[in-house]
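Structure first, then comments.
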Amino acid sequence: MKTIDVILGSARSNSSGAGIFNYLKKNAKELESDNGVKLNFMAIRDFDLPTFNEPLPPMGNPDRKLTGTPKKWIENVKAGDGYLFIEPVYDNGLSGAFKNALDYIGFEMADKPARIISYSSNAMAGQASALALLPTLAVLGMVMLPHMTMIGHIDDNFEKDGNFVSNAPSEDYYSKQLKDAVADIASYTKL
């Protein structure tokens, strides 16, 4: 069975993206059953990665010896067959903690499919961060799915625990979008 890593790209303990992350977690059994995949949930904050500062870039250092949290991060992402990135927008760009985590990657994610779920507290839905993430994922050799899932006004729709806010204006729409995102990455992961 293929494994899809669901990665929350925010390191903040009160991240609004936790609502999406926990929604997917709460619905994991159904999503896994419907799509014939295993979902593996990871939050960047759980790895507490130091700022990347190796003498050579990972792609140019086949003899690198990682220890501690960087080693744990690499081992986790290497085991994935596909990726769902839940990415916030910070100052009209991507999360520094998430970019730092990606800086540790060499070829571990190459030739594997990825789909972006971006979010923000406004109607822009994190579009800037999603677009800023694309060049890095391309350099890492990932196969980017053509569709992105954009979640706007996240705090009006999701509680941090993964439930929808009472009378959430976009509950039906976002519920379908997230189910479709998992189905999409699952189908590409099986190719």
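FYI, nothing fancy with the structure tokens labels: chains A, B, ... in order, residues from 1 per chain, ligands from 1 as they appear.
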Requested in this report: Write down as a PyMOL selection string the residues of chain A whose backbone DSSP state falls under strand (DSSP E).
Outcome: chain A and resi 2-8+37-43+82-88+113-119+143-144+149-151
Requested in this report: Would you list the contacts of Asn76 in chain A as number ranges by chain, taking every protein, DNA or RNA residue within 9 Å and counting only C-alpha atoms, but skipping same-chain residues closer than 5 positions in sequence?
Outcome: A: 5, 42, 71
Export all heavy atoms of the chosen residues as an mmCIF file, in the first residue's frame?
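The new file selection.cif reads:
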```cif
data_model
loop_
_atom_site.group_PDB
_atom_site.id
_atom_site.type_symbol
_atom_site.label_atom_id
_atom_site.label_comp_id
_atom_site.auth_asym_id
_atom_site.auth_seq_id
_atom_site.Cartn_x
_atom_site.Cartn_y
_atom_site.Cartn_z
ATOM 1 N N ASP A 5 2.532 11.249 2.635
ATOM 2 C CA ASP A 5 2.887 12.088 3.773
ATOM 3 C C ASP A 5 2.064 13.365 3.704
ATOM 4 O O ASP A 5 2.087 14.071 2.691
ATOM 5 C CB ASP A 5 4.375 12.443 3.753
ATOM 6 C CG ASP A 5 5.264 11.271 4.111
ATOM 7 O OD1 ASP A 5 4.771 10.293 4.712
ATOM 8 O OD2 ASP A 5 6.470 11.330 3.790
ATOM 9 N N MET A 42 2.707 14.509 9.478
ATOM 10 C CA MET A 42 3.918 15.114 10.028
ATOM 11 C C MET A 42 3.746 16.626 10.079
ATOM 12 O O MET A 42 3.279 17.219 9.100
ATOM 13 C CB MET A 42 5.131 14.803 9.157
ATOM 14 C CG MET A 42 5.478 13.339 9.032
ATOM 15 S SD MET A 42 7.042 13.084 8.164
ATOM 16 C CE MET A 42 6.562 13.402 6.472
ATOM 17 N N LYS A 71 18.153 13.881 10.515
ATOM 18 C CA LYS A 71 18.122 12.481 10.076
ATOM 19 C C LYS A 71 16.692 11.930 10.155
ATOM 20 O O LYS A 71 16.216 11.262 9.230
ATOM 21 C CB LYS A 71 19.062 11.635 10.936
ATOM 22 C CG LYS A 71 19.096 10.179 10.533
ATOM 23 C CD LYS A 71 20.063 9.387 11.393
ATOM 24 C CE LYS A 71 20.070 7.935 10.943
ATOM 25 N NZ LYS A 71 20.974 7.128 11.756
#
```
Requested in this report: Please provide the set of residues having any atom within 12 Å of Glu75 in chain A, restricted to only C-alpha atoms, with same-chain residues fewer than 3 positions apart removed, written as JSON, numbers by chain.
Outcome: {"A": [5, 47, 66, 67, 68, 69, 70, 71, 72, 78, 79, 80, 104, 105, 106, 107, 108, 109]}
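Every protein or nucleic acid residue with an atom no more than 10 Å from Ala28 in chain A, counting only C-alpha atoms and leaving out same-chain residues fewer than 5 positions away, appears here: A:Asn22, A:Tyr23, A:Ser33, A:Asp34, A:Val37, A:Lys38, A:Leu39, A:Asn40, A:Phe41, A:Val182.
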Query raised in the report: When DSSP works through the backbone of this structure, what residues of range 56-145 of chain A end up as helix (DSSP H, G or I), shown as number ranges by chain?
Result: A: 58-60, 68-79, 96-103, 127-139
Query raised in the report: Which residues come within 10 Å of Ser166 in chain A, counting only C-alpha atoms, excluding same-chain residues fewer than 4 positions away, as a PyMOL selection string?
Result: chain A and resi 156-159+171
For all heavy atoms, I'd like the residues from the last selection saved as a PDB file, in the first residue's frame.
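In the end it all went to result05.pdb:
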```pdb
ATOM      1  N   ASP A 156     -12.606  31.257   9.785  1.00  0.00           N
ATOM      2  CA  ASP A 156     -14.068  31.307   9.722  1.00  0.00           C
ATOM      3  C   ASP A 156     -14.660  29.933   9.425  1.00  0.00           C
ATOM      4  O   ASP A 156     -15.881  29.761   9.499  1.00  0.00           O
ATOM      5  CB  ASP A 156     -14.531  32.273   8.615  1.00  0.00           C
ATOM      6  CG  ASP A 156     -14.159  33.710   8.903  1.00  0.00           C
ATOM      7  OD1 ASP A 156     -13.920  34.045  10.088  1.00  0.00           O
ATOM      8  OD2 ASP A 156     -14.089  34.508   7.947  1.00  0.00           O
ATOM      9  N   ASN A 157     -13.808  28.988   9.061  1.00  0.00           N
ATOM     10  CA  ASN A 157     -14.277  27.672   8.648  1.00  0.00           C
ATOM     11  C   ASN A 157     -13.795  26.520   9.516  1.00  0.00           C
ATOM     12  O   ASN A 157     -14.535  25.578   9.754  1.00  0.00           O
ATOM     13  CB  ASN A 157     -13.868  27.420   7.190  1.00  0.00           C
ATOM     14  CG  ASN A 157     -14.694  28.236   6.234  1.00  0.00           C
ATOM     15  OD1 ASN A 157     -15.842  27.915   5.964  1.00  0.00           O
ATOM     16  ND2 ASN A 157     -14.124  29.336   5.722  1.00  0.00           N
ATOM     17  N   PHE A 158     -12.553  26.575   9.980  1.00  0.00           N
ATOM     18  CA  PHE A 158     -11.967  25.446  10.719  1.00  0.00           C
ATOM     19  C   PHE A 158     -11.601  25.816  12.144  1.00  0.00           C
ATOM     20  O   PHE A 158     -11.013  26.860  12.395  1.00  0.00           O
ATOM     21  CB  PHE A 158     -10.692  24.952  10.024  1.00  0.00           C
ATOM     22  CG  PHE A 158     -10.922  24.217   8.751  1.00  0.00           C
ATOM     23  CD1 PHE A 158     -10.935  24.895   7.543  1.00  0.00           C
ATOM     24  CD2 PHE A 158     -11.120  22.842   8.746  1.00  0.00           C
ATOM     25  CE1 PHE A 158     -11.148  24.209   6.352  1.00  0.00           C
ATOM     26  CE2 PHE A 158     -11.329  22.155   7.566  1.00  0.00           C
ATOM     27  CZ  PHE A 158     -11.340  22.841   6.365  1.00  0.00           C
ATOM     28  N   GLU A 159     -11.920  24.907  13.056  1.00  0.00           N
ATOM     29  CA  GLU A 159     -11.376  24.961  14.413  1.00  0.00           C
ATOM     30  C   GLU A 159     -10.007  24.290  14.353  1.00  0.00           C
ATOM     31  O   GLU A 159      -9.749  23.454  13.495  1.00  0.00           O
ATOM     32  CB  GLU A 159     -12.276  24.190  15.390  1.00  0.00           C
ATOM     33  CG  GLU A 159     -13.694  24.706  15.498  1.00  0.00           C
ATOM     34  CD  GLU A 159     -13.813  25.930  16.377  1.00  0.00           C
ATOM     35  OE1 GLU A 159     -12.797  26.361  16.962  1.00  0.00           O
ATOM     36  OE2 GLU A 159     -14.929  26.454  16.468  1.00  0.00           O
ATOM     37  N   GLU A 171     -18.166  24.974   4.570  1.00  0.00           N
ATOM     38  CA  GLU A 171     -17.944  23.610   5.036  1.00  0.00           C
ATOM     39  C   GLU A 171     -18.096  22.576   3.925  1.00  0.00           C
ATOM     40  O   GLU A 171     -17.213  21.736   3.723  1.00  0.00           O
ATOM     41  CB  GLU A 171     -18.902  23.274   6.177  1.00  0.00           C
ATOM     42  CG  GLU A 171     -18.734  21.858   6.701  1.00  0.00           C
ATOM     43  CD  GLU A 171     -19.603  21.543   7.901  1.00  0.00           C
ATOM     44  OE1 GLU A 171     -20.252  22.452   8.446  1.00  0.00           O
ATOM     45  OE2 GLU A 171     -19.595  20.367   8.311  1.00  0.00           O
TER      46      GLU A 171
END
```
Query - Residue with smallest distance to Val77 in chain A - pool A:Leu31, A:Ile116, A:Leu137, A:Ile7, counting only C-alpha atoms - result: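 Among the listed residues, A:Ile7 lies closest to Val77 in chain A.
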Sorted by chain and rising residue number, which residues of range 19-63 of chain A lie within 12 Å of range 138-147 of chain A, and what are their closest atom pairs and distances in Å to one decimal, counting only C-alpha atoms, as CSV?
```
residue,atom,partner,partner_atom,distance
A:Pro57,CA,A:Leu140,CA,11.7
A:Pro58,CA,A:Leu140,CA,10.3
A:Met59,CA,A:Leu140,CA,8.8
```
Query raised in the report: Smallest atom-to-atom distance to Ile185 in chain A: which of A:Phe85, A:Tyr90, A:Phe98, A:Trp73, using only C-alpha atoms?
Result: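 Among A:Phe85, A:Tyr90, A:Phe98, A:Trp73, it is A:Phe85 that comes nearest to Ile185 in chain A.
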Report summary line: Shortest contact to Lys160 in chain A, candidates A:Gly19, A:Ala132, A:Arg12, A:Leu102, atoms counted only C-alpha atoms, goes to A:Gly19
Query raised in the report: Looking at only C-alpha atoms, which of A:Lys112, A:Lys65, A:Lys99, A:Lys29 is the one that sits closest to Tyr188 in chain A?
Result: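 For Tyr188 in chain A, the nearest of the given residues is A:Lys112.
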